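Enquirer: This is entry-v9.cif, which holds mmCIF, C-alpha atoms and all ligand atoms:
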```cif
data_protein
#
loop_
_atom_site.group_PDB
_atom_site.id
_atom_site.type_symbol
_atom_site.label_atom_id
_atom_site.label_comp_id
_atom_site.auth_asym_id
_atom_site.auth_seq_id
_atom_site.Cartn_x
_atom_site.Cartn_y
_atom_site.Cartn_z
ATOM 1 C CA MET A 1 0.000 0.000 0.000
ATOM 2 C CA ARG A 2 2.764 2.369 0.956
ATOM 3 C CA TYR A 3 4.553 1.416 -2.250
ATOM 4 C CA ILE A 4 1.464 2.234 -4.300
ATOM 5 C CA ALA A 5 1.110 5.600 -2.553
ATOM 6 C CA ARG A 6 4.732 6.348 -3.360
ATOM 7 C CA VAL A 7 4.380 5.333 -6.998
ATOM 8 C CA SER A 8 1.245 7.425 -7.288
ATOM 9 C CA ALA A 9 3.039 10.445 -5.768
ATOM 10 C CA LEU A 10 5.874 9.948 -8.239
ATOM 11 C CA LEU A 11 3.411 9.729 -11.120
ATOM 12 C CA ASP A 12 1.683 12.915 -9.914
ATOM 13 C CA ASP A 13 5.026 14.653 -9.892
ATOM 14 C CA TRP A 14 5.922 13.174 -13.270
ATOM 15 C CA ALA A 15 2.671 14.376 -14.811
ATOM 16 C CA SER A 16 2.628 17.762 -13.069
ATOM 17 C CA ARG A 17 6.126 18.558 -14.305
ATOM 18 C CA HIS A 18 4.751 18.197 -17.822
ATOM 19 C CA SER A 19 1.405 19.923 -17.263
ATOM 20 C CA VAL A 20 0.245 22.865 -19.371
ATOM 21 C CA LEU A 21 0.701 25.225 -16.421
ATOM 22 C CA ALA A 22 4.255 23.948 -15.821
ATOM 23 C CA THR A 23 5.054 24.447 -19.504
ATOM 24 C CA ALA A 24 3.630 27.982 -19.458
ATOM 25 C CA ARG A 25 5.680 28.821 -16.326
ATOM 26 C CA ARG A 26 8.770 27.470 -18.071
ATOM 27 C CA THR A 27 8.025 29.807 -21.004
ATOM 28 C CA ALA A 28 7.903 32.830 -18.685
ATOM 29 C CA ALA A 29 11.104 31.726 -16.908
ATOM 30 C CA LEU A 30 12.930 31.312 -20.232
ATOM 31 C CA ILE A 31 11.775 34.698 -21.558
ATOM 32 C CA ASN A 32 12.980 36.320 -18.310
ATOM 33 C CA ALA A 33 16.315 34.478 -18.347
ATOM 34 C CA LEU A 34 16.948 35.217 -22.040
ATOM 35 C CA ALA A 35 16.254 38.941 -21.472
ATOM 36 C CA ASP A 36 19.624 39.064 -19.668
ATOM 37 C CA ASP A 37 22.319 39.157 -22.370
ATOM 38 C CA ARG A 38 24.810 37.595 -19.962
ATOM 39 C CA ALA A 39 22.769 34.383 -19.672
ATOM 40 C CA GLY A 40 24.657 31.716 -21.610
ATOM 41 C CA PRO A 41 24.082 28.005 -22.300
ATOM 42 C CA GLY A 42 24.772 27.035 -18.649
ATOM 43 C CA THR A 43 22.102 29.368 -17.260
ATOM 44 C CA ILE A 44 19.520 28.420 -19.874
ATOM 45 C CA ALA A 45 20.163 24.698 -19.298
ATOM 46 C CA GLU A 46 19.633 25.320 -15.548
ATOM 47 C CA VAL A 47 16.265 26.995 -16.230
ATOM 48 C CA LEU A 48 15.254 24.050 -18.427
ATOM 49 C CA ARG A 49 16.265 21.551 -15.732
ATOM 50 C CA ALA A 50 14.480 23.541 -13.026
ATOM 51 C CA HIS A 51 11.328 23.263 -15.140
ATOM 52 C CA GLY A 52 11.397 19.519 -15.675
ATOM 53 C CA GLU A 53 13.656 18.958 -18.676
ATOM 54 C CA ALA A 54 15.492 15.660 -18.127
ATOM 55 C CA ASP A 55 19.264 15.353 -18.406
ATOM 56 C CA PRO A 56 21.281 15.397 -20.525
ATOM 57 C CA VAL A 57 20.225 18.973 -21.385
ATOM 58 C CA GLU A 58 22.564 19.995 -24.188
ATOM 59 C CA VAL A 59 22.308 23.664 -25.119
ATOM 60 C CA THR A 60 24.961 25.442 -27.217
ATOM 61 C CA ALA A 61 25.740 29.153 -27.516
ATOM 62 C CA ARG A 62 24.132 29.052 -30.961
ATOM 63 C CA ASP A 63 20.946 27.545 -29.454
ATOM 64 C CA VAL A 64 20.828 30.371 -26.897
ATOM 65 C CA THR A 65 21.281 32.997 -29.636
ATOM 66 C CA ARG A 66 18.364 31.508 -31.557
ATOM 67 C CA MET A 67 16.182 31.152 -28.451
ATOM 68 C CA ARG A 68 16.953 34.787 -27.580
ATOM 69 C CA ALA A 69 15.761 35.793 -31.059
ATOM 70 C CA ALA A 70 12.549 33.776 -30.522
ATOM 71 C CA ALA A 71 11.746 35.226 -27.076
ATOM 72 C CA PRO A 72 10.406 38.640 -28.269
ATOM 73 C CA HIS A 73 7.757 36.829 -30.355
ATOM 74 C CA LEU A 74 6.471 35.137 -27.187
ATOM 75 C CA ARG A 75 6.787 38.338 -25.146
ATOM 76 C CA GLU A 76 4.152 39.844 -27.481
ATOM 77 C CA VAL A 77 1.593 37.384 -26.054
ATOM 78 C CA PHE A 78 2.292 38.697 -22.526
ATOM 79 C CA ALA A 79 2.235 42.335 -23.697
ATOM 80 C CA ALA A 80 -1.099 41.972 -25.554
ATOM 81 C CA THR A 81 -4.293 43.500 -24.152
ATOM 82 C CA GLY A 82 -7.077 41.150 -23.069
ATOM 83 C CA ALA A 83 -7.857 37.603 -24.171
ATOM 84 C CA ALA A 84 -8.671 38.734 -27.728
ATOM 85 C CA GLY A 85 -5.331 40.516 -28.083
ATOM 86 C CA ALA A 86 -3.370 37.540 -26.754
ATOM 87 C CA ALA A 87 -5.367 35.169 -28.981
ATOM 88 C CA ALA A 88 -4.591 37.229 -32.085
ATOM 89 C CA VAL A 89 -0.850 37.124 -31.337
ATOM 90 C CA LEU A 90 -0.993 33.391 -30.568
ATOM 91 C CA ASN A 91 -2.876 32.630 -33.782
ATOM 92 C CA ARG A 92 -0.203 34.403 -35.799
ATOM 93 C CA LEU A 93 2.638 32.616 -33.957
ATOM 94 C CA LEU A 94 0.933 29.224 -34.317
ATOM 95 C CA ARG A 95 0.543 29.851 -38.050
ATOM 96 C CA GLU A 96 4.165 30.929 -38.498
ATOM 97 C CA HIS A 97 6.073 28.784 -35.996
ATOM 98 C CA ALA A 98 4.129 25.599 -35.240
ATOM 99 C CA GLY A 99 3.558 22.353 -37.120
ATOM 100 C CA PRO A 100 0.628 19.930 -36.919
ATOM 101 C CA PRO A 101 -0.072 18.495 -33.431
ATOM 102 C CA ARG A 102 1.565 15.159 -32.626
ATOM 103 C CA LEU A 103 1.716 13.031 -29.474
ATOM 104 C CA THR A 104 5.053 11.919 -28.048
ATOM 105 C CA SER A 105 6.295 10.145 -24.913
ATOM 106 C CA HIS A 106 9.942 10.666 -25.951
ATOM 107 C CA GLY A 107 10.328 6.909 -26.211
ATOM 108 C CA GLY A 108 8.548 6.273 -22.880
ATOM 109 C CA GLY A 109 10.676 8.780 -20.926
ATOM 110 C CA THR A 110 7.765 11.167 -20.243
ATOM 111 C CA PRO A 111 3.965 11.043 -20.018
ATOM 112 C CA TRP A 112 2.275 11.296 -23.411
ATOM 113 C CA HIS A 113 1.870 14.923 -24.360
ATOM 114 C CA LEU A 114 1.289 17.093 -27.409
ATOM 115 C CA HIS A 115 4.085 18.677 -29.406
ATOM 116 C CA LEU A 116 3.753 21.201 -32.207
ATOM 117 C CA ASP A 117 7.393 21.118 -33.327
ATOM 118 C CA ARG A 118 8.359 18.903 -36.263
ATOM 119 C CA ASP A 119 10.014 16.081 -34.311
ATOM 120 C CA ASP A 120 11.637 15.223 -30.987
ATOM 121 C CA ASP A 121 15.036 16.344 -32.311
ATOM 122 C CA ALA A 122 13.845 19.781 -33.466
ATOM 123 C CA PRO A 123 16.222 22.640 -32.567
ATOM 124 C CA TRP A 124 15.687 24.303 -29.179
ATOM 125 C CA ASP A 125 14.332 27.584 -30.630
ATOM 126 C CA GLU A 126 11.704 25.759 -32.706
ATOM 127 C CA TRP A 127 10.734 23.679 -29.669
ATOM 128 C CA PHE A 128 10.669 26.818 -27.449
ATOM 129 C CA LEU A 129 8.279 28.700 -29.752
ATOM 130 C CA ALA A 130 6.014 25.746 -30.564
ATOM 131 C CA SER A 131 5.690 24.338 -27.018
ATOM 132 C CA SER A 132 5.222 27.816 -25.532
ATOM 133 C CA CYS A 133 2.515 28.781 -28.033
ATOM 134 C CA MET A 134 0.642 25.579 -27.302
ATOM 135 C CA ALA A 135 0.773 25.948 -23.507
ATOM 136 C CA LEU A 136 -0.214 29.637 -23.613
ATOM 137 C CA ALA A 137 -3.043 28.878 -26.064
ATOM 138 C CA VAL A 138 -4.424 26.069 -23.865
ATOM 139 C CA LEU A 139 -4.286 28.312 -20.762
ATOM 140 C CA LEU A 140 -6.187 31.042 -22.626
ATOM 141 C CA TRP A 141 -8.731 28.445 -23.773
ATOM 142 C CA ASP A 142 -9.120 27.025 -20.269
ATOM 143 C CA ARG A 143 -9.413 30.322 -18.385
ATOM 144 C CA GLN A 144 -10.841 32.599 -21.089
ATOM 145 C CA LEU A 145 -8.286 35.135 -19.892
ATOM 146 C CA PRO A 146 -4.873 36.284 -21.133
ATOM 147 C CA PRO A 147 -2.352 33.611 -20.089
ATOM 148 C CA GLY A 148 0.040 36.115 -18.523
ATOM 149 C CA ALA A 149 1.290 39.684 -18.431
ATOM 150 C CA VAL A 150 4.363 41.908 -18.346
ATOM 151 C CA CYS A 151 5.181 43.252 -14.865
ATOM 152 C CA ALA A 152 3.447 46.620 -14.299
ATOM 153 C CA SER A 153 6.381 47.957 -12.278
ATOM 154 C CA THR A 154 8.218 50.778 -14.071
ATOM 155 C CA GLY A 155 11.307 49.499 -15.824
ATOM 156 C CA CYS A 156 10.770 45.819 -14.929
ATOM 157 C CA PRO A 157 10.829 43.699 -18.098
ATOM 158 C CA ARG A 158 9.795 40.414 -16.464
ATOM 159 C CA VAL A 159 6.771 38.429 -17.630
ATOM 160 C CA PHE A 160 4.668 36.094 -15.485
ATOM 161 C CA ILE A 161 1.843 33.582 -15.810
ATOM 162 C CA ALA A 162 -1.504 34.768 -14.424
ATOM 163 C CA GLN A 163 -2.913 32.790 -11.469
ATOM 164 C CA GLY A 164 -6.190 31.500 -12.877
ATOM 165 C CA ARG A 165 -9.234 33.106 -11.264
ATOM 166 C CA GLY A 166 -9.043 35.533 -8.368
ATOM 167 C CA PRO A 167 -7.757 39.083 -8.190
ATOM 168 C CA GLU A 168 -5.714 40.175 -11.177
ATOM 169 C CA ARG A 169 -1.996 40.058 -10.524
ATOM 170 C CA ARG A 170 -0.018 43.042 -11.838
ATOM 171 C CA TYR A 171 3.583 42.455 -10.714
ATOM 172 C CA CYS A 172 6.118 39.707 -11.420
ATOM 173 C CA SER A 173 7.155 39.383 -7.777
ATOM 174 C CA ARG A 174 6.508 40.516 -4.241
ATOM 175 C CA ARG A 175 9.576 42.751 -4.591
ATOM 176 C CA CYS A 176 8.071 44.705 -7.516
ATOM 177 C CA ALA A 177 4.671 44.925 -5.780
ATOM 178 C CA THR A 178 6.288 46.343 -2.618
ATOM 179 C CA ARG A 179 8.412 48.847 -4.576
ATOM 180 C CA GLU A 180 5.298 50.142 -6.382
ATOM 181 C CA ARG A 181 3.304 50.339 -3.151
ATOM 182 C CA VAL A 182 6.054 52.369 -1.488
ATOM 183 C CA ALA A 183 6.298 54.683 -4.534
ATOM 184 C CA ALA A 184 2.516 55.220 -4.585
ATOM 185 C CA HIS A 185 2.576 55.975 -0.859
ATOM 186 C CA ARG A 186 5.355 58.555 -1.360
ATOM 187 C CA ARG A 187 3.467 60.177 -4.238
ATOM 188 C CA ALA A 188 0.287 60.391 -2.163
ATOM 189 C CA ARG A 189 2.173 61.936 0.765
ATOM 190 C CA ALA A 190 3.949 64.451 -1.498
ATOM 191 C CA GLY A 191 0.535 65.424 -2.917
ATOM 192 C CA ARG A 192 -0.838 66.143 0.579
ATOM 193 C CA GLU A 193 2.094 68.263 1.748
ATOM 194 C CA PRO A 194 1.832 72.032 1.185
ATOM 195 C CA GLY A 195 3.771 73.192 -1.863
ATOM 196 C CA PRO A 196 6.409 75.944 -1.870
ATOM 197 C CA PRO A 197 5.040 79.447 -1.159
ATOM 198 C CA GLY A 198 4.149 81.730 -4.045
HETATM 199 ZN ZN ZN B 201 8.667 43.077 -11.813
#
```
Write the structure described by the file as structure tokens, please.
Ligand SMILES: [Zn+2]
Expert:
Amino acid sequence: MRYIARVSALLDDWASRHSVLATARRTAALINALADDRAGPGTIAEVLRAHGEADPVEVTARDVTRMRAAAPHLREVFAATGAAGAAAVLNRLLREHAGPPRLTSHGGGTPWHLHLDRDDDAPWDEWFLASSCMALAVLLWDRQLPPGAVCASTGCPRVFIAQGRGPERRYCSRRCATRERVAAHRRARAGREPGPPG
């Protein structure tokens, strides 16, 4: 019984690492990591591993260059306004960067899941665009909301995945939310204080 519970926990983990939400979060993490020009193959491979990619994760400098060129296309989905805006961007990206849907288990190494890239050995940038578009499109379908957003904090370029229902999230992190709250508080206080005479 204990063994079965353990196997079932492992399977849950196995499946959840490959869920649509996990894939969408990986997209946001990759866009954020690639936005830093100093992030090389080691950093990008770490992000992939942290989001469930199994070793060996082999990423070259050329792969990173091509993934970095792909990232702004995906950023447009996060920057779009409303579900209709995000859907329009996704439809264009799916048309231009995705192939027909196919199921793969990577030879039994993962749960069965959908891929929109040409085959399991497609280059990283093709895989990045196709898998991201699919996950973001399914989230939009499921929630009838934009799948994510760009942080509303001034000067913060980070994107994040929206948290399903509930109050709309505006910032990528607690740090950005706090910084904006402090700034708003300062502005409000400055507005209440008497101005210079004259
Ligand atoms: Zn932020």
Enquirer: Excluding Gly155 of chain A and any residue of its chain fewer than 4 positions from it, enumerate the residues within 12 Å of it, using only C-alpha atoms, and give them as a tab-separated table (two decimals) with C-alpha atoms, keeping the file's coordinate frame.
Expert:
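Result file selection-v5.tsv:
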```tsv
chain	number	residue	atom	x	y	z
A	150	VAL	CA	4.36	41.91	-18.35
A	151	CYS	CA	5.18	43.25	-14.86
A	171	TYR	CA	3.58	42.46	-10.71
A	172	CYS	CA	6.12	39.71	-11.42
A	176	CYS	CA	8.07	44.70	-7.52
A	179	ARG	CA	8.41	48.85	-4.58
A	180	GLU	CA	5.30	50.14	-6.38
```
Enquirer: Taking the file as I've supplied it (selection: the PyMOL selection byres (((chain A and resi 124) around 9) and not hetatm)), which residues are included? Please answer as a list of chain:residue names.
Expert: A:Val59, A:Asp63, A:Val64, A:Arg66, A:Met67, A:Asp121, A:Ala122, A:Pro123, A:Asp125, A:Glu126, A:Trp127, A:Phe128, A:Leu129
Enquirer: Could you write out as a list in words the residues that the PyMOL selection byres (((chain A and resi 131) around 8) and not hetatm) matches in the shown file?
Expert: Thr23, His115, Leu116, Asp117, Trp127, Phe128, Leu129, Ala130, Ser132, Cys133, Met134 and Ala135 of chain A
Enquirer: From the options A:Arg170, A:Ile161, A:Ala39, A:Ala149, which residue's atoms come nearest to Thr81 of chain A, counting all atoms listed in the file?
Expert: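 Among the listed residues, A:Ala149 lies closest to Thr81 of chain A.
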Enquirer: Using all atoms listed in the file, can you tell me which of A:Ala184, A:Arg189, A:Ser153, A:Pro100 comes closest to ligand ZN 201 (chain B)?
Expert: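 Counting all atoms listed in the file, the residue closest to ligand ZN 201 (chain B) is A:Ser153.
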Enquirer: Can you list what the PyMOL selection byres (((chain A and resi 75) around 10) and not hetatm) grabs from this structure, as an MDAnalysis selection string?
Expert: chainID A and resid 27:28 31:32 70:74 76:80 89 148:150 157:159
Enquirer: Figure out the distance between atom CA of Leu136 of chain A and atom CA of Arg92 of chain A, please, to one decimal in Å.
Expert: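 Atom CA of Leu136 of chain A lies 13.1 Å from atom CA of Arg92 of chain A.
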Enquirer: Record the distance separating atom CA of Ala69 of chain A and atom CA of Ser19 of chain A, expressed in Å with one decimal.
Expert: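 Between atom CA of Ala69 of chain A and atom CA of Ser19 of chain A the gap is 25.5 Å.
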Enquirer: Between atom CA of Leu145 of chain A and atom CA of Ser173 of chain A, what is the spacing in Å?
Expert: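 Going from atom CA of Ser173 of chain A over to atom CA of Leu145 of chain A, I get 20.1 Å.
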Enquirer: Need the shell around Ile44 of chain A: protein/DNA/RNA residues with any atom at most 10 Å away, counting all atoms listed in the file. Skip same-chain ones fewer than 4 positions apart. Format as a list in words?
Expert: Ala29, Leu30, Ala33, Leu34, Ala39, Gly40, Leu48, Arg49, Ala50, Val57, Glu58, Val59, Thr60, Ala61, Asp63, Val64 and Met67 of chain A
Enquirer: Just the selected residues (C-alpha atoms), exported as an mmCIF file, in the coordinates of the input, please.
Expert:
```cif
data_model
loop_
_atom_site.group_PDB
_atom_site.id
_atom_site.type_symbol
_atom_site.label_atom_id
_atom_site.label_comp_id
_atom_site.auth_asym_id
_atom_site.auth_seq_id
_atom_site.Cartn_x
_atom_site.Cartn_y
_atom_site.Cartn_z
ATOM 1 C CA ALA A 29 11.104 31.726 -16.908
ATOM 2 C CA LEU A 30 12.930 31.312 -20.232
ATOM 3 C CA ALA A 33 16.315 34.478 -18.347
ATOM 4 C CA LEU A 34 16.948 35.217 -22.040
ATOM 5 C CA ALA A 39 22.769 34.383 -19.672
ATOM 6 C CA GLY A 40 24.657 31.716 -21.610
ATOM 7 C CA LEU A 48 15.254 24.050 -18.427
ATOM 8 C CA ARG A 49 16.265 21.551 -15.732
ATOM 9 C CA ALA A 50 14.480 23.541 -13.026
ATOM 10 C CA VAL A 57 20.225 18.973 -21.385
ATOM 11 C CA GLU A 58 22.564 19.995 -24.188
ATOM 12 C CA VAL A 59 22.308 23.664 -25.119
ATOM 13 C CA THR A 60 24.961 25.442 -27.217
ATOM 14 C CA ALA A 61 25.740 29.153 -27.516
ATOM 15 C CA ASP A 63 20.946 27.545 -29.454
ATOM 16 C CA VAL A 64 20.828 30.371 -26.897
ATOM 17 C CA MET A 67 16.182 31.152 -28.451
#
```
Enquirer: Given the choices A:Ala183, A:Ala87, A:Cys156, A:Pro56, which gets closest to ligand ZN 201 (chain B) if the distance is worked out from only C-alpha atoms and all ligand atoms?
Expert: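 Smallest distance to ligand ZN 201 (chain B) is found for A:Cys156.
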Enquirer: When distances are computed from all atoms listed in the file, which of A:Arg175, A:His113, A:Arg62, A:Arg26 shows the smallest separation from ligand ZN 201 (chain B)?
Expert: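 Ranking A:Arg175, A:His113, A:Arg62, A:Arg26 by distance to ligand ZN 201 (chain B), first place goes to A:Arg175.
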